[in-house]
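Peer 1: Right, I'll just put the structure down here and ask away after.
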Amino acid sequence: MKKTGAQILCESLVKEGVEVIFGILGGAVLPIYDTFPQYPQLRHILVRHEQGAAHAADGYARVTHKAGVCIATSGPGATNLVTGIANAYMDSAPMVAITGQVAKPVIGKDAFQETDITGITIPIVKHNYLVTDVAELAKTVKEAFHIAQTGRPGPVLIDIPRDVQQEQTDFVYPDKLDLPGYKVVSRGHPAQIKKAAKLINEAEQPVILAGRGIIISQAYDEFKEFAEKAQLPVAHTLLGLGSFPGNHILDLGMVGMHGTPCANMAVQNADLLIAVGMRFDDRATGNTREFAPNARVIHIDIDPAEIGKNIPTEVPVVGDIKSVLTALNAEIERREHVDWLSQIEQWGYEHPSLEIRQSDEVLPQYIVNQIYEATQGDALVVTGVGQNQMWAARYFVYTKPNSLISAGGLGPMGFELPAAMGVKVGCPEEVVWCVAGDGGFQMTIQELATLTQENIAVKIAIINNGYLGMVRQWQELFYGRRYVDTKLWNPDFVKIAEAYDIPGLRVTRREDVIPAIQKAMEYPGPFLIDFLVEPEENIYPIVPPGESLARFFEPSKPEVLEENLKDQLQNALQNAKKVKNKTPMTKK
Amino acid sequence: MTNTEHTLVALVEDKPGVLNRIASLFRRRSFNIKSLAVGGSEQPGLSRMTIVAVGDSAQIEQVRKQLDKLINVVKVSDITEGDMVARELALIKVKATASTRNEIMQIVDIFRANIVDVAPGSLTVEVTGDEDKLDSLLGLLCDFGVKEVSRTGRIALTRGSSS
């Protein structure tokens, strides 16, 4: 029996094990939507903006390790997906984005809602397709899912003209793939693994740089064994948090611009760096010329193009992290690095800016830390971009595997709410906290309607400082405190939530933080807390752009600044005096 | 590290948009292309592309790896280091009068080039060879007045029987 293109698409999605689709309809995808009722096993979640669909599919993908699926109509529907696709590409999240296209006869004629979405997305997808023959559709969907989910995952876009959705052909789902140009290396080269093991066995001051590749490969156990066997301290990239227990004695926390002093100092003083599933992003390395000056480098990654891209590598090992670490664990010797580990610990204690200071104000660090206390780490934390993201990264202890979902590479504000939605749909049994900034939250605030319509029980904590906070911090530190256009007039977020039929609380006093978090957790549905925090609170330490990781700035220790840094940060120093009366309260 | 010219040869699927994907990659990652030539290969459905890129060896290795990641690129190699045959074709339209025509034809002969079009005020020369040869011929013809030049860019294969 012949099937329409729309039916073939749905049949293929079912074959690929798709359960959820995030999307919003329009003229060029109407035949597909018209077919959905025939496939009740495909749950469609109607979002309010296509960017929300893409971020939700991304969040869903990161926690289920399956491709997230989003769908949008042609033209503006497709272009609205672009931010979400670019984000999935930067952070290697598997995604299949389906777009409607105008009918074949009018392609290239500037038809209503026509846009060249395959052309537009070339630089931000792993691959994309324009399907012009219905007979190619099933094969295309199979290839798309294979490409999206294997190797280094990423987004694949399938653009389907409206008439192709209506044309009919026999449905045969292919068994085999024909992708001569697509190669995935899984096992690392044995000789490279031996070389890596030799360096690890000989190292006196080794440090691991743990990235999201460990999470993608789900190599938590292998990685823990690796670190423990040779007593290798673990510094994380932002997206590597959640790959190793944050309360482990070998855990140093996050490295980079807002990294912990012990992680940054360890990297800068290491004699061996073992980069595992990470790509030496500039936010993690600081100035690359001065990065880890004494270290030899082992780089383990599935993508050969990442080797040597940003940092010269002595021993590359290309392969799947799980397989490489399994092989490596058999080759490395048990070691103890007593002096090195105690030196690192010392760096940790020397820097009290990691502690949450005593204050009558509601401090963002305190909020995040209390969400950790309330959940005991048994939650999935989805963040926005900016200060809220850094506080969430630094003051929540990621003891649960893959418990931080954050947009690291692209940094799109507004990721938090739709991504949290996707995370909760992917893991309905988990507690999902969305840590938002007041700026970013308003970029995708419309998805509150989706939460209510689908009863998706995301707990939202808005860190409301009335500023585009990270930009304000940069203006304070690097632009002479000139707060140009960072001050925000904000609506009453609790009233907004109420209008969306979501209960909420506003918290203005420190003693109300814990009860509000408890109340949110007890409520069965979505819940919003608007935390009015100290407006000019900063995230410290900060490595100024272009500086080495060793030259991080924190106001409690202004004397650590080098001379050249002092010039750059005169204003920050003045501010430091203002906030010097701080006393340590809690320590991670 | 010093910038040098590298010859990359890629076997690519003959599908719509492939050239766009490759050009987009070069632009996005700020790689420099000196020339790019593409045409059929010995295998149906596959085209062979010769790219001359300029950069240091680390940059060119990045180019090669990034090209290799494109799904439509089946194989890509940097053949600069090995022994290769590289050729380029040029069509040169040069001004010619009754008094200069003979001299031009002598030069064309020396370069083993061909006259492919003759008109009252011009001659069109077809020449094949490496870039140096084409440059030399062009240099000599410049004295007569070159009206138009069209060059294909380099195409290349490795020497020997291996493929």
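Residues are referred to by chain and number: the chain letter is A, B, ... according to the order shown in the structure tokens, the number counts from 1 in that chain, and ligands are numbered separately from 1 in the order shown.
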Quick check: residues of chain A within 9 Å of chain B, only C-alpha atoms, returned as a PyMOL selection string.
Peer 2: chain A and resi 119+122-123+126-127+147+179-183+303-309
Peer 1: For B:Arg48, work out the shell of residues within 10 Å, counting only C-alpha atoms and skipping chain neighbours fewer than 3 positions away, then give it as a list in words.
Peer 2: Val9, Ala10, Leu11, Val12, Glu13, Asp14, Ala37, Val38, Gly39, Gly40, Ser41, Glu42, Gln43, Ile51, Val73, Lys75, Val76, Ile155, Ala156 and Leu157 of chain B
Peer 1: Could those selected residues go to a file with N, CA and C atoms, as a PDB file, in the first residue's frame?
Peer 2:
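Final file, result28.pdb:
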```
ATOM      1  N   VAL B   9      43.460  16.917  -2.454  1.00  0.00           N
ATOM      2  CA  VAL B   9      42.595  16.267  -3.429  1.00  0.00           C
ATOM      3  C   VAL B   9      41.480  15.561  -2.676  1.00  0.00           C
ATOM      4  N   ALA B  10      40.240  15.865  -3.061  1.00  0.00           N
ATOM      5  CA  ALA B  10      39.094  15.281  -2.362  1.00  0.00           C
ATOM      6  C   ALA B  10      38.186  14.573  -3.347  1.00  0.00           C
ATOM      7  N   LEU B  11      37.721  13.398  -2.922  1.00  0.00           N
ATOM      8  CA  LEU B  11      36.715  12.670  -3.676  1.00  0.00           C
ATOM      9  C   LEU B  11      35.387  12.996  -3.001  1.00  0.00           C
ATOM     10  N   VAL B  12      34.485  13.626  -3.745  1.00  0.00           N
ATOM     11  CA  VAL B  12      33.243  14.093  -3.121  1.00  0.00           C
ATOM     12  C   VAL B  12      32.031  13.532  -3.858  1.00  0.00           C
ATOM     13  N   GLU B  13      30.946  13.358  -3.115  1.00  0.00           N
ATOM     14  CA  GLU B  13      29.715  12.881  -3.737  1.00  0.00           C
ATOM     15  C   GLU B  13      29.176  13.968  -4.663  1.00  0.00           C
ATOM     16  N   ASP B  14      28.702  13.531  -5.819  1.00  0.00           N
ATOM     17  CA  ASP B  14      28.191  14.463  -6.812  1.00  0.00           C
ATOM     18  C   ASP B  14      26.724  14.754  -6.488  1.00  0.00           C
ATOM     19  N   ALA B  37      39.222  23.386  -8.191  1.00  0.00           N
ATOM     20  CA  ALA B  37      38.758  22.867  -9.472  1.00  0.00           C
ATOM     21  C   ALA B  37      38.028  21.565  -9.227  1.00  0.00           C
ATOM     22  N   VAL B  38      36.908  21.396  -9.893  1.00  0.00           N
ATOM     23  CA  VAL B  38      36.121  20.187  -9.645  1.00  0.00           C
ATOM     24  C   VAL B  38      35.556  19.658 -10.956  1.00  0.00           C
ATOM     25  N   GLY B  39      35.513  18.334 -11.055  1.00  0.00           N
ATOM     26  CA  GLY B  39      34.946  17.691 -12.234  1.00  0.00           C
ATOM     27  C   GLY B  39      34.776  16.215 -11.953  1.00  0.00           C
ATOM     28  N   GLY B  40      34.436  15.470 -12.971  1.00  0.00           N
ATOM     29  CA  GLY B  40      34.148  14.043 -12.796  1.00  0.00           C
ATOM     30  C   GLY B  40      35.372  13.254 -12.362  1.00  0.00           C
ATOM     31  N   SER B  41      35.129  12.070 -11.818  1.00  0.00           N
ATOM     32  CA  SER B  41      36.220  11.169 -11.445  1.00  0.00           C
ATOM     33  C   SER B  41      36.009   9.845 -12.168  1.00  0.00           C
ATOM     34  N   GLU B  42      36.821   8.823 -11.828  1.00  0.00           N
ATOM     35  CA  GLU B  42      36.676   7.527 -12.465  1.00  0.00           C
ATOM     36  C   GLU B  42      35.462   6.768 -11.944  1.00  0.00           C
ATOM     37  N   GLN B  43      34.891   7.247 -10.815  1.00  0.00           N
ATOM     38  CA  GLN B  43      33.756   6.536 -10.233  1.00  0.00           C
ATOM     39  C   GLN B  43      32.466   7.308 -10.463  1.00  0.00           C
ATOM     40  N   ILE B  51      42.009  21.264  -4.444  1.00  0.00           N
ATOM     41  CA  ILE B  51      41.989  22.546  -3.743  1.00  0.00           C
ATOM     42  C   ILE B  51      43.423  22.951  -3.452  1.00  0.00           C
ATOM     43  N   VAL B  73      32.013  14.324   1.683  1.00  0.00           N
ATOM     44  CA  VAL B  73      33.416  14.140   1.291  1.00  0.00           C
ATOM     45  C   VAL B  73      33.823  12.720   1.649  1.00  0.00           C
ATOM     46  N   LYS B  75      36.712  11.087   0.653  1.00  0.00           N
ATOM     47  CA  LYS B  75      38.131  10.930   0.971  1.00  0.00           C
ATOM     48  C   LYS B  75      38.841  12.245   0.683  1.00  0.00           C
ATOM     49  N   VAL B  76      39.789  12.588   1.517  1.00  0.00           N
ATOM     50  CA  VAL B  76      40.559  13.799   1.220  1.00  0.00           C
ATOM     51  C   VAL B  76      42.004  13.588   1.654  1.00  0.00           C
ATOM     52  N   ILE B 155      44.647  21.112 -11.181  1.00  0.00           N
ATOM     53  CA  ILE B 155      44.131  19.776 -10.900  1.00  0.00           C
ATOM     54  C   ILE B 155      45.332  18.862 -10.707  1.00  0.00           C
ATOM     55  N   ALA B 156      45.190  17.867  -9.867  1.00  0.00           N
ATOM     56  CA  ALA B 156      46.376  17.062  -9.534  1.00  0.00           C
ATOM     57  C   ALA B 156      46.009  15.631  -9.204  1.00  0.00           C
ATOM     58  N   LEU B 157      46.957  14.725  -9.475  1.00  0.00           N
ATOM     59  CA  LEU B 157      46.867  13.326  -9.058  1.00  0.00           C
ATOM     60  C   LEU B 157      48.240  12.933  -8.527  1.00  0.00           C
TER      61      LEU B 157
END
```
Peer 1: What does the distance from atom CA of A:Ile98 to atom CA of A:Ala72 come to in Å, to one decimal?
Peer 2: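 Atom CA of A:Ala72 lies 6.5 Å from atom CA of A:Ile98.
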Peer 1: I'd like the contact shell of A:Ser406 - 8 Å cut-off, only C-alpha atoms, skipping same-chain residues fewer than 6 positions apart - returned as a PyMOL selection string.
Peer 2: chain A and resi 239+382-385+389+415-416
Peer 1: Store the residues picked out above in a file with N, CA and C atoms, as a PDB file, in the first residue's frame.
Peer 2:
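Listing of out_27.pdb after writing:
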```pdb
ATOM      1  N   LEU A 239      30.697  22.112  30.703  1.00  0.00           N
ATOM      2  CA  LEU A 239      29.814  21.010  30.338  1.00  0.00           C
ATOM      3  C   LEU A 239      30.341  19.658  30.816  1.00  0.00           C
ATOM      4  N   VAL A 382      19.070  22.933  35.010  1.00  0.00           N
ATOM      5  CA  VAL A 382      19.158  23.507  33.671  1.00  0.00           C
ATOM      6  C   VAL A 382      19.363  25.009  33.843  1.00  0.00           C
ATOM      7  N   THR A 383      20.368  25.542  33.199  1.00  0.00           N
ATOM      8  CA  THR A 383      20.691  26.950  33.442  1.00  0.00           C
ATOM      9  C   THR A 383      20.474  27.812  32.208  1.00  0.00           C
ATOM     10  N   GLY A 384      20.401  29.097  32.458  1.00  0.00           N
ATOM     11  CA  GLY A 384      20.457  30.065  31.375  1.00  0.00           C
ATOM     12  C   GLY A 384      21.910  30.344  31.037  1.00  0.00           C
ATOM     13  N   VAL A 385      22.167  31.543  30.572  1.00  0.00           N
ATOM     14  CA  VAL A 385      23.522  31.912  30.178  1.00  0.00           C
ATOM     15  C   VAL A 385      23.889  33.213  30.868  1.00  0.00           C
ATOM     16  N   GLN A 389      24.264  31.120  35.228  1.00  0.00           N
ATOM     17  CA  GLN A 389      24.869  29.872  34.763  1.00  0.00           C
ATOM     18  C   GLN A 389      26.148  29.562  35.552  1.00  0.00           C
ATOM     19  N   PHE A 415      17.891  29.806  26.832  1.00  0.00           N
ATOM     20  CA  PHE A 415      17.980  28.344  26.718  1.00  0.00           C
ATOM     21  C   PHE A 415      17.223  27.670  27.855  1.00  0.00           C
ATOM     22  N   GLU A 416      17.282  28.292  29.063  1.00  0.00           N
ATOM     23  CA  GLU A 416      16.907  27.595  30.286  1.00  0.00           C
ATOM     24  C   GLU A 416      15.500  27.024  30.309  1.00  0.00           C
TER      25      GLU A 416
END
```
Peer 1: What separation in Å, quoted to one decimal, exists between atom CA of B:Ala113 and atom CA of B:Thr100?
Peer 2: 17.0 Å
Peer 1: In Å, how far is it from atom CA of A:Arg283 to atom CA of A:Gly411?
Peer 2: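 These two atoms are separated by 11.3 Å.
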Peer 1: Just the residues within 8 Å of A:Ala379, please, counting only C-alpha atoms, with nothing from its chain fewer than 5 positions along; format it as an mmCIF file with N, CA and C atoms, in the first residue's frame.
Peer 2:
```
data_model
loop_
_atom_site.group_PDB
_atom_site.id
_atom_site.type_symbol
_atom_site.label_atom_id
_atom_site.label_comp_id
_atom_site.auth_asym_id
_atom_site.auth_seq_id
_atom_site.Cartn_x
_atom_site.Cartn_y
_atom_site.Cartn_z
ATOM 1 N N LYS A 400 25.443 13.742 40.811
ATOM 2 C CA LYS A 400 24.665 12.817 39.990
ATOM 3 C C LYS A 400 25.172 12.929 38.554
ATOM 4 N N SER A 403 23.968 15.806 35.502
ATOM 5 C CA SER A 403 22.919 16.556 36.186
ATOM 6 C C SER A 403 22.967 18.056 35.905
ATOM 7 N N GLU A 430 12.506 12.704 37.310
ATOM 8 C CA GLU A 430 13.533 13.503 37.981
ATOM 9 C C GLU A 430 12.984 14.868 38.402
ATOM 10 N N VAL A 431 13.599 15.430 39.444
ATOM 11 C CA VAL A 431 13.309 16.816 39.819
ATOM 12 C C VAL A 431 14.133 17.715 38.890
ATOM 13 N N VAL A 432 13.477 18.622 38.212
ATOM 14 C CA VAL A 432 14.186 19.495 37.268
ATOM 15 C C VAL A 432 14.083 20.948 37.734
ATOM 16 N N TRP A 433 15.230 21.530 38.002
ATOM 17 C CA TRP A 433 15.310 22.944 38.386
ATOM 18 C C TRP A 433 15.836 23.760 37.220
#
```
Peer 1: Which polymer residues have any atom within 6 Å of an atom of B:Arg87, counting only C-alpha atoms, with same-chain residues fewer than 3 positions away left out, as a ChimeraX atom specification?
Peer 2: /B:129-130,154-155
Peer 1: Find the residues around A:Asp339 up to 12 Å (only C-alpha atoms counted), leave out those fewer than 2 positions away in its own chain, and share them as a PyMOL selection string.
Peer 2: chain A and resi 204-206+231+336-337+341-346
